[in-house]
Amino acid sequence: MEYRLLGRTGWRVSAISVGTEYLLGLPQDRVNAVVHEALDRGVNYFDVFYADPGFRDAMGAALGSRRKETM
């Protein structure tokens, strides 16, 4: 995976990101599968556009103990 610096933050983010809009309303196991597959392939940038607390909770649960892999 190619990584790039994110502005002046010093964070290295994957050149490929995952848009998450299509995950809205899907079962937690499907959200988990998508997030884990992306992390396994080196993606560490997720576009979490949706402000719904339920959706953000689902993404948080999917990231779980692997959250540090996104930093």
# chains A, B, ... in the order shown; residues from 1 in each chain; ligands from 1
call {"tool": "residues_around", "arguments": {"residues": "stretch 17-23 of chain A", "least_positions_apart": "4", "cutoff": "9 Å", "atoms": "only C-alpha atoms", "output": "ChimeraX atom specification"}}
result
/A:13,27,30-31,34-35,38,43-50,55,59
call {"tool": "residues_around", "arguments": {"residues": "stretch 1-10 of chain A", "least_positions_apart": "4", "cutoff": "6 Å", "atoms": "only C-alpha atoms", "output": "list in words"}}
result
Ser14, Ala15 and Gly42 of chain A
call {"tool": "atom_distance", "arguments": {"atom1": "atom CA of A:Leu39", "atom2": "atom CA of A:Ala58"}}
result
15.8 Å
call {"tool": "select_by_dssp", "arguments": {"residues": "chain A", "states": "alpha helix (DSSP H)", "output": "ChimeraX atom specification"}}
result
/A:28-40,53-63
call {"tool": "atom_distance", "arguments": {"atom1": "atom CA of A:Glu69", "atom2": "atom CA of A:Asp52"}}
result
23.7 Å
